[in-house]
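K.L.:
What follows is my_file.txt, compact mmCIF, C-alpha atoms and all ligand atoms.
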# COMPACT_ATOMS: atom_id res chain seq x y z
CA MET A 1 -15.63 3.69 28.18
CA VAL A 2 -11.92 4.21 28.86
CA GLN A 3 -10.47 1.08 30.46
CA SER A 4 -7.69 0.87 33.03
CA GLN A 5 -5.59 -1.89 34.58
CA THR A 6 -3.92 -2.14 37.97
CA VAL A 7 -0.61 -4.02 38.05
CA SER A 8 1.31 -5.04 41.20
CA ALA A 9 4.88 -6.16 41.75
CA SER A 10 5.79 -9.71 40.74
CA ARG A 11 7.94 -12.24 42.60
CA GLY A 12 9.06 -13.89 39.36
CA LEU A 13 7.93 -14.91 35.89
CA ARG A 14 7.99 -18.63 35.12
CA GLY A 15 6.85 -20.97 32.42
CA GLU A 16 6.47 -21.21 28.67
CA ILE A 17 4.49 -18.82 26.54
CA THR A 18 3.79 -18.15 22.89
CA VAL A 19 3.07 -14.63 21.77
CA PRO A 20 0.61 -13.75 18.98
CA GLY A 21 1.65 -13.60 15.33
CA ASP A 22 3.87 -10.88 13.91
CA LYS A 23 1.88 -7.72 13.11
CA SER A 24 4.00 -6.60 10.14
CA ILE A 25 3.99 -10.05 8.54
CA SER A 26 0.24 -10.48 9.19
CA HIS A 27 -0.55 -7.22 7.35
CA ARG A 28 1.57 -8.25 4.40
CA SER A 29 0.01 -11.73 4.28
CA VAL A 30 -3.40 -10.14 3.63
CA MET A 31 -2.10 -7.60 1.12
CA PHE A 32 0.11 -9.92 -0.91
CA GLY A 33 -2.30 -12.87 -0.58
CA SER A 34 -5.03 -10.64 -2.04
CA LEU A 35 -2.83 -9.70 -5.00
CA ALA A 36 -1.65 -13.26 -5.66
CA LYS A 37 -3.39 -15.62 -8.06
CA GLY A 38 -4.87 -18.56 -6.17
CA VAL A 39 -5.68 -19.51 -2.59
CA THR A 40 -3.30 -18.45 0.19
CA ARG A 41 -3.78 -20.13 3.57
CA VAL A 42 -2.30 -18.18 6.47
CA SER A 43 -1.78 -19.59 9.95
CA GLY A 44 -0.52 -17.76 13.02
CA PHE A 45 -2.25 -14.59 11.76
CA LEU A 46 -2.49 -11.85 14.39
CA GLN A 47 -6.15 -11.08 15.00
CA GLY A 48 -5.42 -7.66 16.45
CA GLU A 49 -7.42 -4.58 15.52
CA ASP A 50 -4.71 -3.21 13.20
CA ASN A 51 -4.60 -6.35 11.08
CA LEU A 52 -8.37 -6.65 11.01
CA SER A 53 -8.45 -3.13 9.50
CA THR A 54 -6.35 -4.50 6.63
CA VAL A 55 -8.66 -7.51 6.19
CA LYS A 56 -11.72 -5.21 6.10
CA ALA A 57 -10.12 -2.95 3.49
CA PHE A 58 -9.37 -5.84 1.11
CA ARG A 59 -12.85 -7.29 1.58
CA ALA A 60 -14.18 -3.85 0.66
CA MET A 61 -12.21 -4.15 -2.60
CA GLY A 62 -13.89 -7.43 -3.49
CA VAL A 63 -11.42 -9.98 -2.11
CA THR A 64 -12.93 -13.04 -0.42
CA ILE A 65 -11.12 -13.69 2.86
CA ASP A 66 -12.39 -16.48 5.13
CA GLN A 67 -11.46 -16.88 8.79
CA PRO A 68 -11.99 -20.60 9.41
CA GLY A 69 -10.35 -20.67 12.86
CA ASP A 70 -8.25 -18.82 15.39
CA GLY A 71 -5.28 -17.24 13.59
CA GLU A 72 -6.29 -18.74 10.25
CA LEU A 73 -7.11 -16.94 7.02
CA VAL A 74 -7.97 -18.29 3.62
CA ILE A 75 -7.46 -15.59 0.99
CA HIS A 76 -8.92 -16.09 -2.46
CA GLY A 77 -6.60 -13.87 -4.50
CA LEU A 78 -7.44 -13.06 -8.10
CA GLY A 79 -4.24 -11.35 -9.22
CA VAL A 80 -2.51 -7.99 -9.24
CA HIS A 81 -5.21 -6.31 -11.37
CA SER A 82 -8.28 -7.79 -9.68
CA LEU A 83 -9.12 -5.24 -6.99
CA GLN A 84 -12.40 -3.34 -7.30
CA GLU A 85 -13.20 0.24 -6.38
CA PRO A 86 -14.34 0.36 -2.74
CA ALA A 87 -17.81 1.86 -2.36
CA ASP A 88 -16.85 3.76 0.79
CA VAL A 89 -13.90 5.28 2.65
CA LEU A 90 -11.38 2.65 3.85
CA ASP A 91 -10.84 3.02 7.60
CA CYS A 92 -7.31 1.99 8.62
CA GLY A 93 -8.03 2.49 12.34
CA ASN A 94 -4.78 3.01 14.26
CA SER A 95 -2.61 1.27 11.68
CA GLY A 96 0.24 3.16 10.01
CA THR A 97 1.26 0.05 8.06
CA THR A 98 -2.24 -0.30 6.58
CA ILE A 99 -2.55 3.30 5.42
CA ARG A 100 1.00 3.71 4.11
CA LEU A 101 1.36 0.39 2.28
CA MET A 102 -2.13 0.65 0.86
CA SER A 103 -1.43 4.16 -0.44
CA GLY A 104 1.35 2.70 -2.57
CA LEU A 105 -0.84 -0.12 -3.76
CA LEU A 106 -3.85 2.07 -4.51
CA ALA A 107 -1.84 4.71 -6.36
CA GLY A 108 -1.53 2.40 -9.37
CA GLN A 109 -5.13 1.11 -9.53
CA SER A 110 -7.65 2.18 -12.15
CA PHE A 111 -10.08 3.52 -9.54
CA PHE A 112 -10.61 6.13 -6.84
CA SER A 113 -10.21 5.43 -3.12
CA VAL A 114 -10.05 7.30 0.18
CA LEU A 115 -8.06 6.17 3.23
CA THR A 116 -8.52 7.46 6.74
CA GLY A 117 -7.92 6.36 10.33
CA ASP A 118 -8.49 7.15 13.99
CA GLN A 119 -7.59 10.41 15.76
CA TYR A 120 -3.97 9.22 16.27
CA LEU A 121 -3.38 8.03 12.71
CA ARG A 122 -4.78 11.29 11.30
CA LYS A 123 -1.97 13.13 13.13
CA ARG A 124 0.85 10.97 11.70
CA PRO A 125 2.98 12.17 8.77
CA MET A 126 1.86 10.95 5.34
CA GLY A 127 4.04 13.33 3.30
CA ARG A 128 6.81 10.71 3.55
CA ILE A 129 4.83 8.41 1.24
CA VAL A 130 2.86 10.99 -0.72
CA ALA A 131 6.06 12.69 -2.00
CA PRO A 132 7.78 9.62 -3.51
CA LEU A 133 4.50 8.29 -4.88
CA ALA A 134 3.79 11.67 -6.52
CA GLY A 135 7.23 11.33 -8.14
CA MET A 136 5.91 8.14 -9.78
CA GLY A 137 2.91 10.01 -11.17
CA ALA A 138 0.46 9.22 -8.36
CA SER A 139 -2.42 11.55 -7.64
CA ILE A 140 -2.89 11.69 -3.86
CA ARG A 141 -4.47 14.56 -1.97
CA GLY A 142 -4.65 14.92 1.79
CA ARG A 143 -5.08 17.53 4.49
CA GLN A 144 -2.37 20.19 4.64
CA GLN A 145 -0.94 19.58 1.16
CA GLY A 146 -0.96 15.82 1.52
CA GLN A 147 0.69 15.75 4.94
CA TYR A 148 -2.21 14.11 6.78
CA ALA A 149 -5.06 11.63 6.24
CA PRO A 150 -7.72 11.37 4.98
CA LEU A 151 -5.94 10.65 1.71
CA ALA A 152 -7.87 10.70 -1.57
CA ILE A 153 -6.19 8.61 -4.25
CA ASP A 154 -7.06 8.83 -7.91
CA GLY A 155 -5.37 5.77 -9.43
CA GLN A 156 -2.95 6.51 -12.30
CA GLN A 157 -0.61 4.73 -14.68
CA LEU A 158 2.67 4.98 -12.72
CA LYS A 159 6.26 5.26 -13.85
CA ALA A 160 9.17 3.57 -12.10
CA THR A 161 11.33 5.59 -9.73
CA SER A 162 14.70 5.58 -8.04
CA TYR A 163 13.98 6.95 -4.59
CA GLN A 164 16.46 7.88 -1.86
CA SER A 165 14.42 7.74 1.35
CA PRO A 166 15.59 10.19 4.03
CA VAL A 167 14.32 7.79 6.75
CA ALA A 168 14.93 4.10 7.37
CA SER A 169 11.25 3.17 7.16
CA ALA A 170 9.82 -0.14 6.00
CA GLN A 171 6.48 1.55 5.49
CA VAL A 172 7.96 4.06 3.05
CA LYS A 173 10.06 1.41 1.32
CA SER A 174 7.12 -0.99 1.01
CA ALA A 175 4.71 1.70 -0.24
CA VAL A 176 7.10 2.60 -3.07
CA LEU A 177 7.78 -1.06 -3.91
CA LEU A 178 4.05 -1.84 -4.02
CA ALA A 179 3.50 1.10 -6.37
CA GLY A 180 6.50 -0.20 -8.32
CA LEU A 181 4.63 -3.45 -9.03
CA TYR A 182 2.24 -1.34 -11.15
CA ALA A 183 4.90 0.89 -12.75
CA ASP A 184 6.68 0.64 -16.06
CA GLY A 185 10.34 -0.30 -15.50
CA VAL A 186 12.49 -0.97 -12.44
CA THR A 187 11.75 0.81 -9.15
CA THR A 188 14.59 1.20 -6.65
CA VAL A 189 14.45 2.41 -3.04
CA TYR A 190 17.61 3.43 -1.18
CA GLU A 191 17.51 3.87 2.60
CA PRO A 192 20.01 5.22 5.14
CA HIS A 193 19.90 1.99 7.21
CA LEU A 194 18.19 -1.27 6.36
CA SER A 195 14.60 -1.25 7.69
CA ARG A 196 12.61 -4.45 8.24
CA ASP A 197 12.57 -6.54 5.06
CA HIS A 198 9.35 -8.54 5.43
CA SER A 199 7.93 -7.14 2.18
CA GLU A 200 10.97 -8.26 0.22
CA ARG A 201 10.92 -11.73 1.79
CA MET A 202 7.21 -12.24 1.29
CA LEU A 203 7.19 -10.96 -2.28
CA ARG A 204 9.91 -13.52 -3.05
CA HIS A 205 7.86 -16.18 -1.31
CA PHE A 206 5.05 -15.32 -3.77
CA GLY A 207 7.44 -15.63 -6.72
CA VAL A 208 8.32 -11.97 -7.35
CA GLU A 209 11.91 -11.18 -8.30
CA VAL A 210 13.23 -8.64 -5.78
CA THR A 211 16.87 -7.58 -5.71
CA SER A 212 18.35 -6.51 -2.38
CA PHE A 213 21.76 -4.85 -2.35
CA ASP A 214 23.82 -2.87 0.11
CA GLY A 215 21.80 0.32 0.73
CA GLY A 216 18.65 -0.56 -1.17
CA VAL A 217 16.25 -2.81 -3.00
CA SER A 218 14.67 -2.92 -6.46
CA LEU A 219 11.95 -4.71 -8.40
CA ALA A 220 10.57 -4.59 -11.92
CA GLY A 221 6.93 -3.67 -12.50
CA GLY A 222 4.46 -5.99 -14.20
CA GLN A 223 5.27 -9.11 -12.15
CA GLU A 224 2.56 -11.49 -10.97
CA LEU A 225 2.27 -13.03 -7.48
CA THR A 226 1.46 -16.72 -7.13
CA ALA A 227 -0.47 -17.87 -4.04
CA ARG A 228 1.55 -19.80 -1.42
CA ASP A 229 0.70 -20.83 2.11
CA LEU A 230 2.19 -18.80 4.94
CA LEU A 231 3.03 -19.45 8.57
CA VAL A 232 3.36 -16.25 10.59
CA PRO A 233 5.95 -16.43 13.40
CA GLY A 234 5.37 -14.89 16.85
CA ASP A 235 5.94 -11.14 17.00
CA ILE A 236 9.32 -10.19 18.47
CA SER A 237 7.83 -6.80 19.33
CA SER A 238 5.28 -8.55 21.57
CA ALA A 239 7.88 -10.97 22.92
CA ALA A 240 10.02 -7.96 23.90
CA PHE A 241 7.64 -7.09 26.77
CA PHE A 242 8.13 -10.54 28.26
CA MET A 243 11.88 -10.52 27.57
CA VAL A 244 12.28 -7.34 29.60
CA ALA A 245 9.90 -8.62 32.30
CA GLY A 246 11.94 -11.83 32.63
CA LEU A 247 15.19 -9.87 32.86
CA ILE A 248 14.15 -7.23 35.40
CA VAL A 249 12.03 -9.31 37.80
CA PRO A 250 14.21 -11.41 40.13
CA ASP A 251 13.73 -15.19 40.17
CA SER A 252 12.39 -15.35 36.63
CA GLU A 253 12.95 -17.97 33.98
CA LEU A 254 10.74 -17.79 30.94
CA LEU A 255 10.69 -19.63 27.61
CA ILE A 256 9.10 -17.58 24.83
CA LYS A 257 8.38 -19.96 21.98
CA ASN A 258 8.20 -19.45 18.22
CA VAL A 259 9.51 -15.88 17.95
CA GLY A 260 10.51 -14.32 14.62
CA ILE A 261 14.20 -13.38 14.72
CA ASN A 262 14.57 -11.69 11.34
CA PRO A 263 17.93 -9.82 11.53
CA THR A 264 16.18 -6.54 10.61
CA ARG A 265 13.93 -6.95 13.67
CA CYS A 266 16.04 -8.49 16.42
CA GLY A 267 17.87 -5.35 17.54
CA VAL A 268 16.08 -5.68 20.87
CA ILE A 269 17.82 -8.99 21.58
CA ASP A 270 21.24 -7.52 20.74
CA ILE A 271 20.57 -4.41 22.84
CA LEU A 272 19.35 -6.36 25.87
CA LYS A 273 22.32 -8.74 25.60
CA LYS A 274 24.68 -5.73 25.51
CA MET A 275 22.95 -4.63 28.72
CA ASN A 276 24.05 -7.99 30.19
CA GLY A 277 20.65 -9.63 29.72
CA SER A 278 20.57 -13.42 29.66
CA ILE A 279 18.65 -14.35 26.49
CA GLU A 280 19.42 -17.66 24.85
CA LEU A 281 18.19 -18.56 21.35
CA VAL A 282 17.20 -22.21 21.13
CA ASN A 283 15.70 -24.38 18.41
CA GLU A 284 16.51 -21.96 15.56
CA ARG A 285 14.58 -22.77 12.37
CA GLU A 286 12.90 -21.16 9.34
CA MET A 287 9.20 -20.58 8.59
CA ALA A 288 8.07 -19.35 5.13
CA GLY A 289 11.27 -17.41 4.52
CA GLU A 290 11.52 -15.97 8.05
CA PRO A 291 13.97 -17.17 10.75
CA VAL A 292 12.40 -18.27 14.06
CA ALA A 293 13.66 -19.39 17.50
CA ASP A 294 12.55 -19.98 21.09
CA LEU A 295 13.97 -17.48 23.57
CA LEU A 296 15.05 -18.51 27.06
CA VAL A 297 15.16 -15.48 29.33
CA LYS A 298 16.55 -15.38 32.89
CA SER A 299 16.68 -12.58 35.49
CA SER A 300 19.82 -10.51 35.01
CA ASP A 301 21.69 -7.57 36.53
CA LEU A 302 21.35 -5.11 33.66
CA LYS A 303 23.88 -2.36 32.92
CA GLY A 304 23.32 0.97 31.20
CA ILE A 305 24.65 1.32 27.63
CA GLU A 306 24.67 3.71 24.66
CA ILE A 307 22.28 2.90 21.81
CA GLY A 308 22.24 4.50 18.35
CA GLY A 309 22.98 4.10 14.63
CA GLU A 310 21.84 1.05 12.72
CA ASP A 311 20.55 -0.70 15.86
CA VAL A 312 17.75 1.86 16.01
CA PRO A 313 15.59 0.78 13.02
CA ARG A 314 16.20 -2.86 14.06
CA ALA A 315 14.49 -2.18 17.39
CA ILE A 316 12.32 0.82 16.55
CA ASP A 317 9.10 -0.46 18.15
CA GLU A 318 10.87 -1.76 21.25
CA PHE A 319 12.24 1.50 22.66
CA PRO A 320 9.39 2.04 25.12
CA VAL A 321 10.16 -1.30 26.80
CA ILE A 322 13.94 -0.87 26.32
CA SER A 323 13.59 2.35 28.34
CA VAL A 324 11.99 0.25 31.10
CA ALA A 325 15.01 -2.10 31.03
CA ALA A 326 17.22 1.01 31.24
CA ALA A 327 15.27 2.25 34.27
CA CYS A 328 16.08 -1.04 36.06
CA ALA A 329 19.75 -1.14 34.97
CA GLU A 330 22.79 -0.03 36.90
CA GLY A 331 24.12 3.23 35.45
CA THR A 332 23.00 5.43 32.59
CA THR A 333 21.48 4.46 29.24
CA VAL A 334 21.62 6.90 26.34
CA ILE A 335 19.33 6.45 23.32
CA ARG A 336 20.23 8.51 20.22
CA ASP A 337 19.33 8.65 16.49
CA ALA A 338 15.75 7.72 17.34
CA LYS A 339 13.84 10.81 16.17
CA GLU A 340 11.33 8.47 14.48
CA LEU A 341 9.95 7.69 17.96
CA ARG A 342 8.38 11.17 17.90
CA VAL A 343 6.01 10.15 15.07
CA LYS A 344 4.84 6.71 16.15
CA GLU A 345 1.33 5.98 17.50
CA THR A 346 2.19 8.79 19.93
CA ASP A 347 5.38 10.76 20.65
CA ARG A 348 7.06 7.84 22.41
CA ILE A 349 9.98 9.88 23.74
CA ALA A 350 7.65 12.28 25.56
CA ALA A 351 5.23 9.52 26.60
CA MET A 352 7.92 7.25 28.13
CA ALA A 353 9.64 10.18 29.83
CA ASP A 354 6.31 10.95 31.52
CA VAL A 355 5.67 7.34 32.48
CA LEU A 356 9.17 6.75 33.86
CA SER A 357 9.15 9.93 35.91
CA THR A 358 5.93 8.76 37.58
CA PHE A 359 7.91 5.63 38.53
CA GLY A 360 10.50 7.97 40.13
CA VAL A 361 13.12 7.50 37.39
CA THR A 362 15.29 10.41 36.23
CA VAL A 363 14.93 10.90 32.48
CA THR A 364 16.12 13.69 30.21
CA THR A 365 14.90 13.91 26.65
CA ALA A 366 16.48 15.09 23.41
CA GLU A 367 14.86 15.61 20.02
CA ASP A 368 16.21 12.21 18.89
CA GLY A 369 16.20 10.17 22.09
CA MET A 370 16.52 10.10 25.85
CA THR A 371 18.90 9.50 28.75
CA VAL A 372 17.65 7.22 31.51
CA GLN A 373 19.33 6.95 34.93
CA GLY A 374 18.92 3.46 36.31
CA ALA A 375 16.99 3.51 39.60
CA GLU A 376 17.43 1.28 42.67
CA ARG A 377 13.68 1.10 43.13
CA LEU A 378 10.62 2.09 41.13
CA GLN A 379 7.62 3.65 42.85
CA GLY A 380 3.94 3.00 42.13
CA GLY A 381 1.46 5.56 40.80
CA ARG A 382 -0.94 6.36 38.00
CA VAL A 383 0.16 6.57 34.36
CA ASN A 384 -1.61 7.11 31.04
CA SER A 385 -0.95 5.21 27.81
CA CYS A 386 -1.79 8.23 25.57
CA GLY A 387 -3.80 5.65 23.55
CA ASP A 388 -0.57 3.88 22.49
CA HIS A 389 -0.51 0.09 22.91
CA ARG A 390 3.25 -0.12 23.46
CA ILE A 391 3.22 2.61 26.13
CA ALA A 392 0.43 0.75 27.98
CA MET A 393 2.30 -2.59 27.89
CA SER A 394 5.69 -1.06 28.76
CA SER A 395 4.07 0.58 31.80
CA ALA A 396 2.72 -2.81 32.86
CA ILE A 397 6.22 -4.33 32.67
CA ALA A 398 7.73 -1.53 34.76
CA ALA A 399 4.92 -2.03 37.29
CA LEU A 400 6.15 -5.60 37.93
CA ARG A 401 9.18 -4.04 39.65
CA ALA A 402 7.44 -1.15 41.44
CA ASP A 403 7.09 -0.85 45.20
CA GLY A 404 3.41 0.14 45.04
CA ASP A 405 0.47 -0.65 42.74
CA VAL A 406 0.42 1.01 39.32
CA VAL A 407 -2.81 2.10 37.65
CA ILE A 408 -2.50 2.27 33.87
CA GLU A 409 -5.21 4.35 32.22
CA ASP A 410 -6.50 3.86 28.68
CA THR A 411 -5.50 0.23 28.15
CA GLN A 412 -8.04 -0.71 25.48
CA CYS A 413 -5.37 0.15 22.86
CA THR A 414 -3.41 -3.06 23.62
CA ALA A 415 -5.99 -4.83 21.39
CA THR A 416 -4.34 -3.27 18.33
CA SER A 417 -1.31 -5.56 18.54
CA PHE A 418 -1.61 -7.93 21.53
CA PRO A 419 -5.24 -8.83 22.33
CA ASN A 420 -4.36 -11.38 25.08
CA PHE A 421 -1.54 -9.39 26.72
CA TRP A 422 -3.17 -8.94 30.14
CA GLN A 423 -4.30 -12.55 30.34
CA LEU A 424 -0.85 -13.85 29.32
CA LEU A 425 0.86 -11.59 31.85
CA GLY A 426 -1.44 -13.03 34.53
CA THR A 427 -0.51 -16.62 33.64
CA VAL A 428 3.28 -16.18 34.00
CA THR A 429 3.61 -13.80 36.93
CA VAL A 430 3.87 -15.21 40.42
C1 LIG B 1 6.26 -1.34 10.24
C2 LIG B 1 7.34 -0.52 10.13
C3 LIG B 1 7.78 0.37 11.20
C4 LIG B 1 7.19 0.01 12.55
C5 LIG B 1 5.73 -0.29 12.46
C6 LIG B 1 5.48 -1.43 11.47
C7 LIG B 1 5.89 -2.18 9.08
O1 LIG B 1 7.42 1.69 10.90
O2 LIG B 1 7.40 1.04 13.48
O3 LIG B 1 5.22 -0.65 13.73
O4 LIG B 1 5.08 -3.11 9.25
O5 LIG B 1 6.39 -1.93 7.98
P1 LIG B 1 8.33 2.62 9.96
O6 LIG B 1 8.44 1.95 8.69
O7 LIG B 1 7.58 3.91 9.85
O8 LIG B 1 9.61 2.77 10.71
Turn this file's structure into structure tokens for me.
P.N.:
Amino acid sequence: MVQSQTVSASRGLRGEITVPGDKSISHRSVMFGSLAKGVTRVSGFLQGEDNLSTVKAFRAMGVTIDQPGDGELVIHGLGVHSLQEPADVLDCGNSGTTIRLMSGLLAGQSFFSVLTGDQYLRKRPMGRIVAPLAGMGASIRGRQQGQYAPLAIDGQQLKATSYQSPVASAQVKSAVLLAGLYADGVTTVYEPHLSRDHSERMLRHFGVEVTSFDGGVSLAGGQELTARDLLVPGDISSAAFFMVAGLIVPDSELLIKNVGINPTRCGVIDILKKMNGSIELVNEREMAGEPVADLLVKSSDLKGIEIGGEDVPRAIDEFPVISVAAACAEGTTVIRDAKELRVKETDRIAAMADVLSTFGVTVTTAEDGMTVQGAERLQGGRVNSCGDHRIAMSSAIAALRADGDVVIEDTQCTATSFPNFWQLLGTVTV
């Protein structure tokens, strides 16, 4: 049954919260922990549907993964060459990270595998990973000449590559690097702007030599991973909903604890600060190679700004909620260079333009972004998430400032990345 949620205006957000573990890091903890030799204990793991798809896939390839408690995994890795042929199709659900990173990993195995996903994932472009992997000697077939899942992968002996990615995508970069672990020689990936570097950091944490340089990253094939415990920080992409809520709802003061502030991910903080948002980083520290802080957010009079260039990949998943901040800002916000938003879980430019116009906000779209006119007031109404978790949650945040109730349809999808979102929102809103 399709679920919906009704959200009313808030008189302020107060208190301290922690958001669930980082989705990108949680995926990688399962993948790299499974390839490492020894026992990797993970805490702070995000038990969202996307990450559980990754856990299921590795179990299907013979890896023992225990879940002793909430947010805890114990992964019994047996080394880079220990995976076994899965007896059935691997279902990646809604998760782009699972299907793309695993394609790279599976391309160099000595067995056959098939990857698929839900109706949304099967519409997302896979040519961006199939092409560079084919250049390494991979044999991957998919619908429409390898553009779409299901993907059938016949593992091959791979050769190293030097790949210039046309997009700043951590999924593309990581897929090629994972294949590179199985290739002869040094694999290098160049990208137009630096995308999130969690793979590089975690591979180093597991003892792999990875060289990052201006414009790219490289690693030599044939390296082993050694098991090491991991602590996953809170997901800045989940924290972003509460940051924007705290900024746009008057009389708010919210402390969001234990948030990952990796420089390749914290574009949202920089963008919201440029919009005059009051966000203070306190208690900065490091957890398993990733920087972490608590974020103190206070209601602010936001101003419209122009956003583009290298800030875009650093905030790529936060644009739906950044557009909500823009709707509540004084003046105009222009978002450019963000064509990638068209190929996320849904077309997020079209989806947010629809949502914001229901709230009475004037939005114009371009192929690579949107222009949002800040509105004095938002109106209530009925919106649809298009099955996209971040559209559902961004709509909920806008609803906190609306004059009337907002009904958000198709909200089940929030379980992919933020299973306790609605409950947490209830605990901090007055
Ligand atoms: C992710 C990378 C990003 C991001 C996605 C998670 C990752 O995608 O949008 O939610 O974990 O590597 P792209 O690499 O396609 O930009």
K.L.:
Pick out the closest residue to ligand LIG 1 (chain B) from this set: A:Arg348, A:His81, A:Arg377, A:Lys257. Count all atoms listed in the file.
P.N.:
A:Arg348
K.L.:
Please measure the separation of CA of Ala107 in chain A and CA of Gly221 in chain A, giving the value in Å to one decimal.
P.N.:
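We find that CA of Ala107 in chain A and CA of Gly221 in chain A lie 13.6 Å from each other.
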K.L.:
What does the list of residues within 10 Å of ligand LIG 1 (chain B) look like if you count all atoms listed in the file, written as a PyMOL selection string?
P.N.:
chain A and resi 22-28+95-98+100-101+124-125+128+167-175+195-199+237+265+312-318+340-341+343-345+390+417
K.L.:
Which centre and edge lengths in Å to one decimal define the box along x, y and z that fits every listed atom of range 194-204 of chain A plus 3 Å per side, as JSON?
P.N.:
{"center_x": 12.7, "center_y": -7.4, "center_z": 2.6, "size_x": 17.0, "size_y": 18.3, "size_z": 17.3}
K.L.:
From the set A:Gly222, A:Gly216, A:Gly137, A:Gly260, which residue has the shortest atom-to-atom contact distance to Ala239 in chain A, counting only C-alpha atoms?
P.N.:
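Checking each candidate against Ala239 in chain A, we get A:Gly260 as the closest.
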K.L.:
In Å, with one decimal, what is the gap from CA of Glu284 in chain A to CA of Ile269 in chain A?
P.N.:
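Result for CA of Glu284 in chain A versus CA of Ile269 in chain A: 14.4 Å, one decimal.
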K.L.:
Quick one: distance from CA of Lys56 in chain A to CA of Asp91 in chain A in Å, one decimal?
P.N.:
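If I compute the distance from CA of Lys56 in chain A to CA of Asp91 in chain A, I get 8.4 Å.
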K.L.:
Determine, using only C-alpha atoms, which residues of range 348-399 of chain A have any atom at most 12 Å from an atom of range 422-429 of chain A, and tabulate each with its shortest atom pair and distance in Å to one decimal place, rows ordered by chain and then rising number, as CSV.
P.N.:
residue,atom,partner,partner_atom,distance
A:His389,CA,A:Trp422,CA,11.9
A:Ala392,CA,A:Trp422,CA,10.6
A:Met393,CA,A:Trp422,CA,8.7
A:Ser394,CA,A:Trp422,CA,11.9
A:Ala396,CA,A:Trp422,CA,8.9
A:Ile397,CA,A:Leu425,CA,9.1
A:Ala399,CA,A:Leu425,CA,11.7
K.L.:
Hey, which of A:Ile129, A:Val282, A:Ile261, A:Leu177 ends up closest to Leu219 in chain A? Count all atoms listed in the file.
P.N.:
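That would be A:Leu177, the residue with the smallest distance to Leu219 in chain A.
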K.L.:
Quick one: which range 299-402 of chain A residues come within 8 Å of range 408-413 of chain A, and what is the nearest atom pair for each with the distance in Å to one decimal, counting only C-alpha atoms, rows ordered by chain and ascending number, as a Markdown table?
P.N.:
| residue | atom | partner | partner_atom | distance |
| --- | --- | --- | --- | --- |
| A:Arg382 | CA | A:Ile408 | CA | 6.0 |
| A:Val383 | CA | A:Ile408 | CA | 5.1 |
| A:Asn384 | CA | A:Glu409 | CA | 4.7 |
| A:Ser385 | CA | A:Asp410 | CA | 5.8 |
| A:Cys386 | CA | A:Asp410 | CA | 7.1 |
| A:Gly387 | CA | A:Cys413 | CA | 5.8 |
| A:Asp388 | CA | A:Cys413 | CA | 6.1 |
| A:His389 | CA | A:Cys413 | CA | 4.9 |
| A:Ala392 | CA | A:Thr411 | CA | 6.0 |
| A:Ser395 | CA | A:Ile408 | CA | 7.1 |
| A:Ala396 | CA | A:Ile408 | CA | 7.4 |
K.L.:
Could you tell me which of A:Glu224, A:Asp301, A:Asp229, A:Glu310 comes closest to Gly277 in chain A if we count all atoms listed in the file?
P.N.:
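Comparing A:Glu224, A:Asp301, A:Asp229, A:Glu310 against Gly277 in chain A, the winner is A:Asp301.
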K.L.:
I'd like the contact shell of Gly71 in chain A - 6 Å cut-off, only C-alpha atoms, skipping same-chain residues fewer than 5 positions apart - returned as an mmCIF file with C-alpha atoms, in the frame of the given file.
P.N.:
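Contents of result-v7.cif, freshly written:
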data_model
loop_
_atom_site.group_PDB
_atom_site.id
_atom_site.type_symbol
_atom_site.label_atom_id
_atom_site.label_comp_id
_atom_site.auth_asym_id
_atom_site.auth_seq_id
_atom_site.Cartn_x
_atom_site.Cartn_y
_atom_site.Cartn_z
ATOM 1 C CA SER A 43 -1.780 -19.590 9.950
ATOM 2 C CA GLY A 44 -0.520 -17.760 13.020
ATOM 3 C CA PHE A 45 -2.250 -14.590 11.760
#
